[in-house]
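Pasting model_2.cif here (mmCIF, C-alpha atoms):
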```
data_start
loop_
_atom_site.label_atom_id
_atom_site.label_comp_id
_atom_site.auth_asym_id
_atom_site.auth_seq_id
_atom_site.Cartn_x
_atom_site.Cartn_y
_atom_site.Cartn_z
CA MET A 1 30.23 -109.38 58.82
CA LYS A 2 27.55 -109.24 56.13
CA LEU A 3 25.54 -112.17 54.76
CA TYR A 4 23.88 -111.89 51.37
CA THR A 5 20.80 -113.99 51.96
CA TYR A 6 17.30 -114.88 50.79
CA PHE A 7 14.90 -116.17 53.42
CA ARG A 8 13.83 -119.26 51.48
CA SER A 9 17.30 -120.16 50.15
CA SER A 10 18.25 -123.41 51.80
CA SER A 11 21.98 -122.75 51.55
CA SER A 12 21.52 -119.27 53.08
CA TYR A 13 19.54 -120.92 55.88
CA ARG A 14 22.55 -123.18 56.57
CA VAL A 15 24.90 -120.20 56.92
CA ARG A 16 22.43 -118.33 59.15
CA ILE A 17 22.41 -121.32 61.52
CA ALA A 18 26.23 -121.46 61.52
CA LEU A 19 26.56 -117.73 62.25
CA ASN A 20 24.07 -118.04 65.11
CA LEU A 21 25.82 -121.09 66.58
CA LYS A 22 29.12 -119.20 66.60
CA GLY A 23 27.47 -116.14 68.14
CA VAL A 24 28.79 -113.93 65.34
CA ASP A 25 27.38 -110.42 65.03
CA TRP A 26 26.17 -110.31 61.41
CA GLU A 27 23.96 -108.10 59.30
CA PRO A 28 21.80 -109.41 56.47
CA ALA A 29 21.77 -108.02 52.93
CA PHE A 30 18.66 -109.27 51.19
CA VAL A 31 18.82 -110.63 47.65
CA HIS A 32 15.39 -111.47 46.24
CA LEU A 33 15.99 -114.50 44.02
CA PRO A 34 12.58 -114.76 42.30
CA LYS A 35 12.93 -111.08 41.30
CA GLY A 36 16.41 -111.88 39.91
CA GLU A 37 18.24 -109.47 42.22
CA GLN A 38 21.26 -111.83 42.23
CA ARG A 39 21.93 -110.60 38.69
CA ASP A 40 21.72 -106.88 39.57
CA ALA A 41 24.87 -104.86 38.89
CA ALA A 42 25.10 -103.81 42.55
CA TYR A 43 25.17 -107.42 43.71
CA LEU A 44 27.49 -108.60 40.97
CA ALA A 45 29.99 -105.91 42.03
CA ALA A 46 30.21 -107.59 45.45
CA ASN A 47 29.92 -111.16 44.14
CA PRO A 48 30.64 -111.66 40.41
CA GLN A 49 29.33 -115.23 40.61
CA GLY A 50 25.80 -113.98 41.25
CA LEU A 51 25.08 -116.73 43.75
CA VAL A 52 23.46 -116.64 47.19
CA PRO A 53 24.61 -116.94 49.94
CA ALA A 54 27.80 -114.90 50.00
CA LEU A 55 29.60 -113.85 53.16
CA GLU A 56 31.45 -110.54 53.25
CA GLU A 57 34.17 -110.35 55.86
CA ASP A 58 34.89 -107.05 57.65
CA ASP A 59 38.06 -106.71 55.51
CA GLY A 60 36.05 -107.01 52.26
CA LEU A 61 36.83 -110.66 51.46
CA VAL A 62 33.77 -112.22 49.83
CA LEU A 63 33.26 -115.96 50.22
CA THR A 64 30.76 -118.19 48.42
CA GLN A 65 29.43 -121.77 48.60
CA SER A 66 27.70 -122.50 51.88
CA LEU A 67 29.79 -125.48 53.00
CA ALA A 68 33.03 -123.58 52.33
CA ILE A 69 31.67 -120.58 54.24
CA ILE A 70 30.64 -122.73 57.20
CA GLU A 71 34.04 -124.44 57.46
CA TYR A 72 35.68 -120.99 57.19
CA LEU A 73 33.57 -119.76 60.10
CA ASP A 74 34.50 -122.87 62.05
CA GLU A 75 38.21 -122.28 61.45
CA THR A 76 38.21 -118.56 62.19
CA ARG A 77 35.61 -118.08 64.95
CA SER A 78 35.57 -119.37 68.50
CA GLY A 79 32.58 -121.20 69.91
CA PRO A 80 31.39 -124.77 69.40
CA SER A 81 33.17 -126.71 66.65
CA PHE A 82 31.11 -127.91 63.70
CA LEU A 83 33.29 -130.99 63.11
CA PRO A 84 34.48 -133.86 65.34
CA LYS A 85 38.10 -133.90 66.48
CA ASP A 86 39.09 -137.17 64.74
CA ALA A 87 39.56 -137.60 60.98
CA ALA A 88 37.11 -140.51 60.69
CA GLY A 89 34.42 -138.53 62.51
CA ARG A 90 35.03 -135.48 60.33
CA ALA A 91 34.76 -137.64 57.19
CA LEU A 92 31.45 -139.11 58.38
CA VAL A 93 29.96 -135.72 59.26
CA ARG A 94 31.14 -134.20 55.98
CA ALA A 95 29.66 -137.17 54.10
CA MET A 96 26.28 -136.64 55.81
CA ALA A 97 26.36 -132.95 54.89
CA GLN A 98 27.35 -133.77 51.32
CA VAL A 99 24.52 -136.26 50.83
CA ILE A 100 22.31 -133.20 51.28
CA ALA A 101 24.52 -130.56 49.65
CA CYS A 102 25.72 -132.68 46.70
CA GLU A 103 22.99 -135.29 46.20
CA ILE A 104 19.69 -133.61 47.06
CA HIS A 105 19.75 -129.84 47.14
CA PRO A 106 21.43 -129.01 43.77
CA ILE A 107 18.91 -131.07 41.81
CA ASN A 108 16.00 -129.26 43.46
CA ASN A 109 17.33 -125.74 43.26
CA LEU A 110 15.02 -122.99 41.99
CA ARG A 111 16.88 -122.71 38.67
CA ILE A 112 16.42 -126.43 37.98
CA LEU A 113 12.71 -126.35 38.76
CA LYS A 114 12.36 -123.33 36.46
CA TYR A 115 14.18 -125.17 33.62
CA LEU A 116 11.82 -128.13 34.01
CA LYS A 117 8.92 -125.75 33.33
CA ASN A 118 10.67 -123.75 30.62
CA PRO A 119 12.10 -124.90 28.22
CA LEU A 120 11.15 -128.48 29.12
CA GLY A 121 7.43 -127.69 29.41
CA HIS A 122 6.51 -129.69 32.52
CA ASP A 123 3.58 -128.81 34.77
CA GLN A 124 3.69 -128.10 38.51
CA GLU A 125 2.69 -131.66 39.42
CA THR A 126 5.62 -133.14 37.49
CA VAL A 127 7.98 -130.60 39.05
CA ASP A 128 6.69 -131.45 42.53
CA ASP A 129 7.13 -135.18 41.85
CA TRP A 130 10.70 -134.49 40.68
CA TYR A 131 11.37 -132.61 43.91
CA ARG A 132 10.04 -135.32 46.19
CA HIS A 133 11.76 -138.09 44.22
CA TRP A 134 15.26 -136.70 44.79
CA VAL A 135 14.63 -135.80 48.42
CA GLN A 136 13.50 -139.34 49.11
CA GLU A 137 16.36 -140.95 47.18
CA GLY A 138 18.84 -138.82 49.15
CA PHE A 139 17.14 -139.41 52.50
CA ASP A 140 17.07 -143.16 51.74
CA ALA A 141 20.90 -142.96 51.81
CA LEU A 142 21.09 -140.49 54.70
CA GLU A 143 18.73 -142.20 57.18
CA PRO A 144 20.86 -145.37 57.70
CA LEU A 145 24.08 -143.34 57.75
CA VAL A 146 22.74 -141.02 60.46
CA ALA A 147 20.93 -143.82 62.33
CA SER A 148 24.20 -145.70 62.81
CA HIS A 149 25.87 -142.68 64.47
CA SER A 150 23.08 -140.60 66.03
CA ASN A 151 21.90 -140.39 69.63
CA GLY A 152 18.50 -139.22 68.34
CA ARG A 153 19.26 -135.57 69.08
CA TYR A 154 22.16 -134.84 66.71
CA CYS A 155 23.31 -136.50 63.50
CA PHE A 156 26.66 -137.32 65.10
CA GLY A 157 28.00 -136.95 68.62
CA ASP A 158 26.43 -134.73 71.25
CA GLN A 159 26.51 -131.26 69.74
CA PRO A 160 25.47 -129.63 66.43
CA THR A 161 27.75 -130.36 63.49
CA LEU A 162 27.90 -129.46 59.82
CA ALA A 163 25.51 -132.37 59.21
CA ASP A 164 22.83 -130.88 61.49
CA ILE A 165 23.32 -127.47 59.89
CA CYS A 166 22.46 -129.02 56.51
CA LEU A 167 19.68 -131.32 57.74
CA VAL A 168 17.27 -128.75 59.16
CA PRO A 169 16.99 -126.59 56.00
CA GLN A 170 16.56 -129.71 53.84
CA MET A 171 13.76 -130.99 56.11
CA TRP A 172 12.10 -127.56 55.91
CA ASN A 173 12.25 -127.74 52.11
CA ALA A 174 10.97 -131.30 52.03
CA ARG A 175 7.91 -130.29 54.06
CA ARG A 176 7.29 -127.31 51.81
CA PHE A 177 6.85 -129.77 48.94
CA ASN A 178 4.70 -132.13 51.07
CA THR A 179 7.27 -134.92 50.96
CA ASP A 180 6.33 -138.07 52.88
CA LEU A 181 9.01 -138.32 55.58
CA SER A 182 7.62 -141.27 57.53
CA ALA A 183 10.44 -143.58 56.37
CA TYR A 184 13.05 -141.41 58.11
CA PRO A 185 12.44 -141.69 61.89
CA THR A 186 16.01 -140.75 62.83
CA LEU A 187 16.07 -137.67 60.63
CA LEU A 188 12.67 -136.64 62.03
CA ALA A 189 13.83 -137.05 65.63
CA VAL A 190 17.07 -135.14 65.11
CA ASP A 191 15.29 -132.36 63.23
CA ALA A 192 12.68 -132.04 66.00
CA HIS A 193 15.40 -131.67 68.62
CA LEU A 194 17.45 -129.19 66.62
CA GLN A 195 14.44 -126.96 66.09
CA THR A 196 14.24 -126.45 69.85
CA LEU A 197 17.69 -124.79 69.79
CA ASP A 198 17.75 -121.02 69.62
CA ALA A 199 20.46 -120.81 66.90
CA PHE A 200 18.35 -122.98 64.60
CA ALA A 201 15.02 -121.36 65.46
CA ARG A 202 16.27 -117.81 64.78
CA ALA A 203 17.63 -118.90 61.38
CA ALA A 204 14.30 -120.27 60.11
CA PRO A 205 12.95 -118.73 56.89
CA GLU A 206 9.75 -117.45 58.49
CA GLN A 207 11.80 -115.53 61.11
CA GLN A 208 13.72 -113.50 58.51
CA PRO A 209 12.91 -109.83 57.85
CA ASP A 210 12.64 -110.52 54.10
CA ALA A 211 10.04 -113.29 54.55
CA PHE A 212 6.60 -112.65 53.17
CA MET B 213 43.14 -149.40 51.05
CA LYS B 214 40.36 -150.31 48.61
CA LEU B 215 38.48 -147.93 46.32
CA TYR B 216 35.08 -148.90 44.96
CA THR B 217 35.18 -147.21 41.59
CA TYR B 218 33.73 -147.03 38.10
CA PHE B 219 36.01 -145.75 35.36
CA ARG B 220 33.60 -143.15 34.01
CA SER B 221 32.32 -141.94 37.41
CA SER B 222 33.52 -138.39 37.78
CA SER B 223 33.56 -138.53 41.57
CA SER B 224 35.56 -141.81 41.49
CA TYR B 225 37.99 -140.07 39.11
CA ARG B 226 38.49 -137.33 41.73
CA VAL B 227 39.38 -139.85 44.42
CA ARG B 228 41.74 -141.75 42.09
CA ILE B 229 43.65 -138.49 41.49
CA ALA B 230 43.83 -137.79 45.23
CA LEU B 231 45.11 -141.30 46.02
CA ASN B 232 47.77 -140.96 43.32
CA LEU B 233 48.86 -137.51 44.53
CA LYS B 234 49.32 -138.89 48.04
CA GLY B 235 51.21 -141.92 46.72
CA VAL B 236 48.82 -144.26 48.52
CA ASP B 237 48.97 -147.96 47.64
CA TRP B 238 45.36 -148.74 46.73
CA GLU B 239 43.47 -151.52 44.99
CA PRO B 240 40.37 -150.95 42.89
CA ALA B 241 37.09 -152.79 43.31
CA PHE B 242 35.02 -152.26 40.20
CA VAL B 243 31.33 -151.40 40.42
CA HIS B 244 29.64 -151.29 37.02
CA LEU B 245 27.04 -148.54 37.36
CA PRO B 246 25.12 -149.04 34.07
CA LYS B 247 24.69 -152.73 35.00
CA GLY B 248 23.38 -151.63 38.43
CA GLU B 249 26.10 -153.40 40.41
CA GLN B 250 25.93 -150.64 43.05
CA ARG B 251 22.64 -152.24 44.14
CA ASP B 252 24.06 -155.78 44.40
CA ALA B 253 23.85 -157.39 47.84
CA ALA B 254 27.64 -157.87 47.94
CA TYR B 255 28.27 -154.16 47.43
CA LEU B 256 25.49 -153.05 49.75
CA ALA B 257 27.06 -155.16 52.52
CA ALA B 258 30.20 -153.01 52.26
CA ASN B 259 28.37 -149.75 51.56
CA PRO B 260 24.65 -149.67 52.48
CA GLN B 261 24.26 -146.35 50.68
CA GLY B 262 24.88 -148.01 47.31
CA LEU B 263 26.91 -145.06 46.04
CA VAL B 264 30.24 -144.90 44.20
CA PRO B 265 32.97 -144.05 45.09
CA ALA B 266 33.50 -145.57 48.52
CA LEU B 267 36.85 -145.92 50.21
CA GLU B 268 37.52 -148.87 52.50
CA GLU B 269 40.28 -148.30 55.02
CA ASP B 270 42.56 -151.17 56.05
CA ASP B 271 40.68 -151.34 59.38
CA GLY B 272 37.32 -151.79 57.61
CA LEU B 273 36.02 -148.20 57.92
CA VAL B 274 34.01 -147.36 54.79
CA LEU B 275 33.83 -143.71 53.74
CA THR B 276 31.60 -142.15 51.10
CA GLN B 277 31.18 -138.81 49.28
CA SER B 278 34.22 -137.90 47.23
CA LEU B 279 34.99 -134.50 48.82
CA ALA B 280 34.77 -135.98 52.31
CA ILE B 281 37.04 -138.86 51.25
CA ILE B 282 39.60 -136.50 49.73
CA GLU B 283 39.78 -134.29 52.84
CA TYR B 284 40.10 -137.46 54.94
CA LEU B 285 43.06 -138.58 52.82
CA ASP B 286 44.56 -135.11 53.17
CA GLU B 287 44.24 -135.24 56.96
CA THR B 288 45.53 -138.78 57.41
CA ARG B 289 48.20 -139.25 54.72
CA SER B 290 51.52 -137.51 54.25
CA GLY B 291 52.49 -135.96 50.94
CA PRO B 292 51.40 -132.71 49.31
CA SER B 293 48.48 -130.92 50.99
CA PHE B 294 45.27 -130.46 49.01
CA LEU B 295 44.35 -127.21 50.79
CA PRO B 296 46.21 -123.92 51.40
CA LYS B 297 47.48 -123.20 54.89
CA ASP B 298 45.35 -120.09 55.53
CA ALA B 299 41.59 -120.11 56.22
CA ALA B 300 40.74 -117.67 53.41
CA GLY B 301 42.71 -119.75 50.89
CA ARG B 302 41.04 -122.93 52.07
CA ALA B 303 37.61 -121.30 51.74
CA LEU B 304 38.39 -120.18 48.17
CA VAL B 305 39.69 -123.60 47.11
CA ARG B 306 36.74 -125.37 48.72
CA ALA B 307 34.36 -122.93 46.98
CA MET B 308 35.95 -123.71 43.60
CA ALA B 309 35.60 -127.43 44.26
CA GLN B 310 32.01 -126.97 45.38
CA VAL B 311 31.00 -125.03 42.27
CA ILE B 312 31.78 -128.29 40.48
CA ALA B 313 30.67 -130.77 43.13
CA CYS B 314 27.51 -128.94 44.25
CA GLU B 315 26.47 -126.84 41.23
CA ILE B 316 27.41 -128.86 38.13
CA HIS B 317 28.05 -132.53 38.71
CA PRO B 318 24.93 -133.55 40.72
CA ILE B 319 22.56 -132.18 38.10
CA ASN B 320 24.29 -134.16 35.35
CA ASN B 321 24.69 -137.45 37.17
CA LEU B 322 23.72 -140.64 35.36
CA ARG B 323 20.57 -141.11 37.47
CA ILE B 324 19.32 -137.63 36.56
CA LEU B 325 19.91 -138.14 32.84
CA LYS B 326 18.06 -141.47 33.10
CA TYR B 327 15.09 -139.79 34.84
CA LEU B 328 14.90 -137.18 32.06
CA LYS B 329 14.44 -140.03 29.58
CA ASN B 330 12.14 -142.10 31.78
CA PRO B 331 9.67 -141.11 33.24
CA LEU B 332 9.97 -137.62 31.72
CA GLY B 333 10.18 -138.90 28.14
CA HIS B 334 12.92 -136.65 26.72
CA ASP B 335 15.13 -137.63 23.77
CA GLN B 336 18.93 -137.78 23.73
CA GLU B 337 19.27 -134.32 22.19
CA THR B 338 17.28 -132.70 25.01
CA VAL B 339 19.32 -134.63 27.56
CA ASP B 340 22.59 -133.51 25.93
CA ASP B 341 21.37 -129.89 25.91
CA TRP B 342 20.51 -130.21 29.60
CA TYR B 343 24.01 -131.50 30.29
CA ARG B 344 25.80 -128.72 28.44
CA HIS B 345 23.54 -126.02 29.90
CA TRP B 346 24.47 -126.81 33.51
CA VAL B 347 28.17 -127.26 32.75
CA GLN B 348 28.27 -123.87 31.10
CA GLU B 349 26.27 -122.16 33.84
CA GLY B 350 28.68 -123.60 36.42
CA PHE B 351 31.80 -122.79 34.43
CA ASP B 352 30.48 -119.23 33.90
CA ALA B 353 30.78 -118.85 37.69
CA LEU B 354 34.01 -120.84 38.02
CA GLU B 355 36.09 -119.19 35.28
CA PRO B 356 36.26 -115.69 36.89
CA LEU B 357 36.78 -117.20 40.35
CA VAL B 358 39.73 -119.30 39.16
CA ALA B 359 41.07 -116.57 36.85
CA SER B 360 41.43 -114.17 39.77
CA HIS B 361 43.61 -116.64 41.72
CA SER B 362 45.31 -118.87 39.14
CA ASN B 363 48.84 -118.78 37.75
CA GLY B 364 47.55 -120.60 34.66
CA ARG B 365 48.85 -123.97 35.88
CA TYR B 366 46.78 -124.58 39.00
CA CYS B 367 43.42 -123.22 40.12
CA PHE B 368 45.03 -121.72 43.21
CA GLY B 369 48.65 -121.40 44.34
CA ASP B 370 51.50 -123.44 42.91
CA GLN B 371 50.52 -127.04 43.58
CA PRO B 372 47.43 -129.21 43.01
CA THR B 373 44.54 -128.58 45.38
CA LEU B 374 41.06 -129.95 45.90
CA ALA B 375 39.91 -127.54 43.18
CA ASP B 376 42.23 -129.07 40.58
CA ILE B 377 41.18 -132.56 41.65
CA CYS B 378 37.58 -131.63 40.83
CA LEU B 379 38.31 -129.62 37.68
CA VAL B 380 39.96 -132.30 35.54
CA PRO B 381 37.14 -134.88 35.78
CA GLN B 382 34.54 -132.19 35.09
CA MET B 383 36.44 -131.03 31.99
CA TRP B 384 36.65 -134.66 30.84
CA ASN B 385 32.89 -135.00 31.24
CA ALA B 386 32.22 -131.71 29.49
CA ARG B 387 34.20 -132.87 26.45
CA ARG B 388 32.39 -136.19 26.42
CA PHE B 389 29.17 -134.24 25.85
CA ASN B 390 30.82 -131.95 23.26
CA THR B 391 30.43 -128.86 25.41
CA ASP B 392 31.80 -125.63 23.92
CA LEU B 393 34.58 -124.63 26.35
CA SER B 394 36.00 -121.67 24.41
CA ALA B 395 34.66 -119.16 26.96
CA TYR B 396 36.84 -120.66 29.70
CA PRO B 397 40.49 -119.96 28.81
CA THR B 398 41.74 -120.23 32.37
CA LEU B 399 40.03 -123.54 33.02
CA LEU B 400 41.40 -124.86 29.70
CA ALA B 401 44.97 -123.77 30.52
CA VAL B 402 44.88 -125.25 34.03
CA ASP B 403 43.34 -128.50 32.79
CA ALA B 404 46.00 -128.82 30.06
CA HIS B 405 48.78 -128.40 32.60
CA LEU B 406 47.26 -130.81 35.12
CA GLN B 407 46.92 -133.51 32.50
CA THR B 408 50.70 -133.53 32.10
CA LEU B 409 51.07 -134.64 35.75
CA ASP B 410 51.45 -138.35 36.34
CA ALA B 411 48.95 -138.53 39.23
CA PHE B 412 46.24 -137.04 37.04
CA ALA B 413 47.15 -139.00 33.90
CA ARG B 414 47.05 -142.37 35.67
CA ALA B 415 43.61 -141.58 37.10
CA ALA B 416 42.00 -140.92 33.71
CA PRO B 417 38.96 -143.06 32.84
CA GLU B 418 40.57 -144.55 29.72
CA GLN B 419 43.53 -145.77 31.83
CA GLN B 420 41.36 -147.83 34.18
CA PRO B 421 41.21 -151.64 33.93
CA ASP B 422 37.40 -151.54 33.84
CA ALA B 423 37.31 -149.12 30.88
CA PHE B 424 35.86 -150.45 27.66
#
```

Before anything else, please render the file you have as structure tokens.
Amino acid sequence: MKLYTYFRSSSSYRVRIALNLKGVDWEPAFVHLPKGEQRDAAYLAANPQGLVPALEEDDGLVLTQSLAIIEYLDETRSGPSFLPKDAAGRALVRAMAQVIACEIHPINNLRILKYLKNPLGHDQETVDDWYRHWVQEGFDALEPLVASHSNGRYCFGDQPTLADICLVPQMWNARRFNTDLSAYPTLLAVDAHLQTLDAFARAAPEQQPDAF
Amino acid sequence: MKLYTYFRSSSSYRVRIALNLKGVDWEPAFVHLPKGEQRDAAYLAANPQGLVPALEEDDGLVLTQSLAIIEYLDETRSGPSFLPKDAAGRALVRAMAQVIACEIHPINNLRILKYLKNPLGHDQETVDDWYRHWVQEGFDALEPLVASHSNGRYCFGDQPTLADICLVPQMWNARRFNTDLSAYPTLLAVDAHLQTLDAFARAAPEQQPDAF
């Protein structure tokens, strides 16, 4: 199984965690986003959408979109389940993941920050403010949702779920942009616990061979 | 079952389609977003996140995030399934839905367009260009993905899936901003077919009691 990945890509980071949690034997294929390698002919042949991450199954099937990939891994690989057994629990965990994946991350993606600079002409300070604004607005919604279900170690229940897989990369990103996280004690506690787990630690950007 | 909805909210539109497809008996509770009713105390008591849509189950459970709500309905209600039976098919349909829900819609949400005007100071033309740019970038990725799986009537397979449920509202939005859609023949054909189906037609913004 091959993962097209970039060390700093938050959605790649999510899939790396999921692969590690499932104990899947995977090899990385590095796609350097700032250099534009996602638009290289070689990459587009494997994934015409030109997005990262993409997961290539041993039979050649190429899957995209991190949440879809993670649920696919959950459905096809043994190991701990990423979703609760009951429908209400699954809906809550998916909602937590989607606050991050649909309300925070897309607005702060590299291509958006680039567009704010050119053509919109904003400086780095304005871009950084934009970044922090949407992280905080999203975390303002996520903190009470997680706090009402968390034991302080996981977002929901007593093992890592899809919500935890999304939380850790988003916290990493928030810190990179010096976001004030003091209003989110539950998210901070859960993130601190998750970072002690091997599957999360090995997936961290700074641990990847393509990190610089 | 009660749906907190706003006629023009694209993610509410998705859930209205899903409820109709399942034949669920639901009542709407209208939340007027431009008036800021999502921040009213009465609404926050039901949904502390202050987001629309939210689905309130008969037992009082409140669920948020449209994709999570739609999968919950699929798992708990009889009627046609919104996802294929095989894991690869499910991953493809979820990826199609997520191109819309994670790559297009969040960047063009009302709150983002408002922020571009204030504090960033952009005029309506720049905001409209922003809107169309991200729709087209997303549809550039979605068109080949759907084209390689579609029969020209549905995004995938021979019945409506989560992908179709997301496509129709996004096409409606794209037209509202006069987006050039000529480069997306498959998406246009699928959208045209879906609009002939009663469950989709009844969910349209202009058919809602709160439309003006």

Subject >> Selection dump of the PyMOL selection byres ((chain B) within 9 of (chain A)), as a ChimeraX atom specification >> reply: /B:260-263,273,275-285,287-288,299-300,302-308,310-311,313-320,324,332,334,338,352-354,356-357

Original post:
Taking (41.1, -149.7, 54.0) in the file's coordinates as the center, which residues reach within 9 Å of it, counting all atoms listed in the file, put as a list in words?
Top reply: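 It turns out the residues near that spot are Met213, Lys214, Leu215, Trp238, Leu267, Glu268, Glu269, Asp270, Asp271, Gly272, Leu273 and Val274 of chain B.
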
Output of the above residues as a PDB file, in the frame of the given file, restricted to C-alpha atoms:
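Final file, part-v8.pdb:
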```pdb
ATOM      1  CA  MET B 213      43.140-149.400  51.050  1.00  0.00           C
ATOM      2  CA  LYS B 214      40.360-150.310  48.610  1.00  0.00           C
ATOM      3  CA  LEU B 215      38.480-147.930  46.320  1.00  0.00           C
ATOM      4  CA  TRP B 238      45.360-148.740  46.730  1.00  0.00           C
ATOM      5  CA  LEU B 267      36.850-145.920  50.210  1.00  0.00           C
ATOM      6  CA  GLU B 268      37.520-148.870  52.500  1.00  0.00           C
ATOM      7  CA  GLU B 269      40.280-148.300  55.020  1.00  0.00           C
ATOM      8  CA  ASP B 270      42.560-151.170  56.050  1.00  0.00           C
ATOM      9  CA  ASP B 271      40.680-151.340  59.380  1.00  0.00           C
ATOM     10  CA  GLY B 272      37.320-151.790  57.610  1.00  0.00           C
ATOM     11  CA  LEU B 273      36.020-148.200  57.920  1.00  0.00           C
ATOM     12  CA  VAL B 274      34.010-147.360  54.790  1.00  0.00           C
TER      13      VAL B 274
END
```

Original post:
So how many Å separate CA of Leu374 (chain B) and CA of Ala401 (chain B), to one decimal?
Top reply: 17.0 Å

**OP:** Would you kindly return, as a PyMOL selection string, each protein, DNA or RNA residue with an atom no farther than 9 Å from any atom of region 174-178 of chain A, considering all atoms listed in the file and excluding same-chain residues fewer than 3 positions away?
**Re:** chain A and resi 128-129+131-132+135-136+169-171+181

Take the PyMOL selection byres ((chain B and resi 377) around 12), run it mentally on this structure, and tell me the resulting residues as a PDB file with C-alpha atoms, in the coordinates of the input.
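As written to disk, expr.pdb reads:
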```pdb
ATOM      1  CA  SER B 222      33.520-138.390  37.780  1.00  0.00           C
ATOM      2  CA  SER B 223      33.560-138.530  41.570  1.00  0.00           C
ATOM      3  CA  SER B 224      35.560-141.810  41.490  1.00  0.00           C
ATOM      4  CA  TYR B 225      37.990-140.070  39.110  1.00  0.00           C
ATOM      5  CA  ARG B 226      38.490-137.330  41.730  1.00  0.00           C
ATOM      6  CA  VAL B 227      39.380-139.850  44.420  1.00  0.00           C
ATOM      7  CA  ARG B 228      41.740-141.750  42.090  1.00  0.00           C
ATOM      8  CA  ILE B 229      43.650-138.490  41.490  1.00  0.00           C
ATOM      9  CA  ALA B 230      43.830-137.790  45.230  1.00  0.00           C
ATOM     10  CA  LEU B 231      45.110-141.300  46.020  1.00  0.00           C
ATOM     11  CA  ASN B 232      47.770-140.960  43.320  1.00  0.00           C
ATOM     12  CA  LEU B 233      48.860-137.510  44.530  1.00  0.00           C
ATOM     13  CA  SER B 278      34.220-137.900  47.230  1.00  0.00           C
ATOM     14  CA  LEU B 279      34.990-134.500  48.820  1.00  0.00           C
ATOM     15  CA  ILE B 282      39.600-136.500  49.730  1.00  0.00           C
ATOM     16  CA  GLU B 283      39.780-134.290  52.840  1.00  0.00           C
ATOM     17  CA  SER B 293      48.480-130.920  50.990  1.00  0.00           C
ATOM     18  CA  PHE B 294      45.270-130.460  49.010  1.00  0.00           C
ATOM     19  CA  LEU B 295      44.350-127.210  50.790  1.00  0.00           C
ATOM     20  CA  VAL B 305      39.690-123.600  47.110  1.00  0.00           C
ATOM     21  CA  ARG B 306      36.740-125.370  48.720  1.00  0.00           C
ATOM     22  CA  MET B 308      35.950-123.710  43.600  1.00  0.00           C
ATOM     23  CA  ALA B 309      35.600-127.430  44.260  1.00  0.00           C
ATOM     24  CA  GLN B 310      32.010-126.970  45.380  1.00  0.00           C
ATOM     25  CA  ILE B 312      31.780-128.290  40.480  1.00  0.00           C
ATOM     26  CA  ALA B 313      30.670-130.770  43.130  1.00  0.00           C
ATOM     27  CA  TYR B 366      46.780-124.580  39.000  1.00  0.00           C
ATOM     28  CA  CYS B 367      43.420-123.220  40.120  1.00  0.00           C
ATOM     29  CA  PHE B 368      45.030-121.720  43.210  1.00  0.00           C
ATOM     30  CA  GLN B 371      50.520-127.040  43.580  1.00  0.00           C
ATOM     31  CA  PRO B 372      47.430-129.210  43.010  1.00  0.00           C
ATOM     32  CA  THR B 373      44.540-128.580  45.380  1.00  0.00           C
ATOM     33  CA  LEU B 374      41.060-129.950  45.900  1.00  0.00           C
ATOM     34  CA  ALA B 375      39.910-127.540  43.180  1.00  0.00           C
ATOM     35  CA  ASP B 376      42.230-129.070  40.580  1.00  0.00           C
ATOM     36  CA  CYS B 378      37.580-131.630  40.830  1.00  0.00           C
ATOM     37  CA  LEU B 379      38.310-129.620  37.680  1.00  0.00           C
ATOM     38  CA  VAL B 380      39.960-132.300  35.540  1.00  0.00           C
ATOM     39  CA  PRO B 381      37.140-134.880  35.780  1.00  0.00           C
ATOM     40  CA  GLN B 382      34.540-132.190  35.090  1.00  0.00           C
ATOM     41  CA  MET B 383      36.440-131.030  31.990  1.00  0.00           C
ATOM     42  CA  TRP B 384      36.650-134.660  30.840  1.00  0.00           C
ATOM     43  CA  VAL B 402      44.880-125.250  34.030  1.00  0.00           C
ATOM     44  CA  ASP B 403      43.340-128.500  32.790  1.00  0.00           C
ATOM     45  CA  LEU B 406      47.260-130.810  35.120  1.00  0.00           C
ATOM     46  CA  GLN B 407      46.920-133.510  32.500  1.00  0.00           C
ATOM     47  CA  LEU B 409      51.070-134.640  35.750  1.00  0.00           C
ATOM     48  CA  ALA B 411      48.950-138.530  39.230  1.00  0.00           C
ATOM     49  CA  PHE B 412      46.240-137.040  37.040  1.00  0.00           C
ATOM     50  CA  ALA B 413      47.150-139.000  33.900  1.00  0.00           C
ATOM     51  CA  ALA B 415      43.610-141.580  37.100  1.00  0.00           C
ATOM     52  CA  ALA B 416      42.000-140.920  33.710  1.00  0.00           C
TER      53      ALA B 416
END
```

Padding 8 Å on every side, please: axis-aligned box over the listed atoms of region 363-382 of chain B, centre and edge lengths to one decimal in Å, as JSON.
```
{"center_x": 43.0, "center_y": -126.8, "center_z": 40.3, "size_x": 33.0, "size_y": 32.1, "size_z": 27.2}
```

Original post:
Which residues come within 12 Å of Phe212 (chain A), counting only C-alpha atoms, excluding same-chain residues fewer than 3 positions away, as a VMD selection string?
Top reply: chain A and resid 6 to 8 32 205 to 209

Original post:
Separation of CA of Leu245 (chain B) and CA of Arg323 (chain B), in Å?
Top reply: 9.9 Å

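CA of Asp335 (chain B) sits 25.4 Å away from CA of Glu249 (chain B).
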
Subject >> Best match for closeness to Ala183 (chain A) among A:Ser150, A:Pro53, A:Glu137, A:Asp210, counting all atoms listed in the file >> reply: A:Glu137
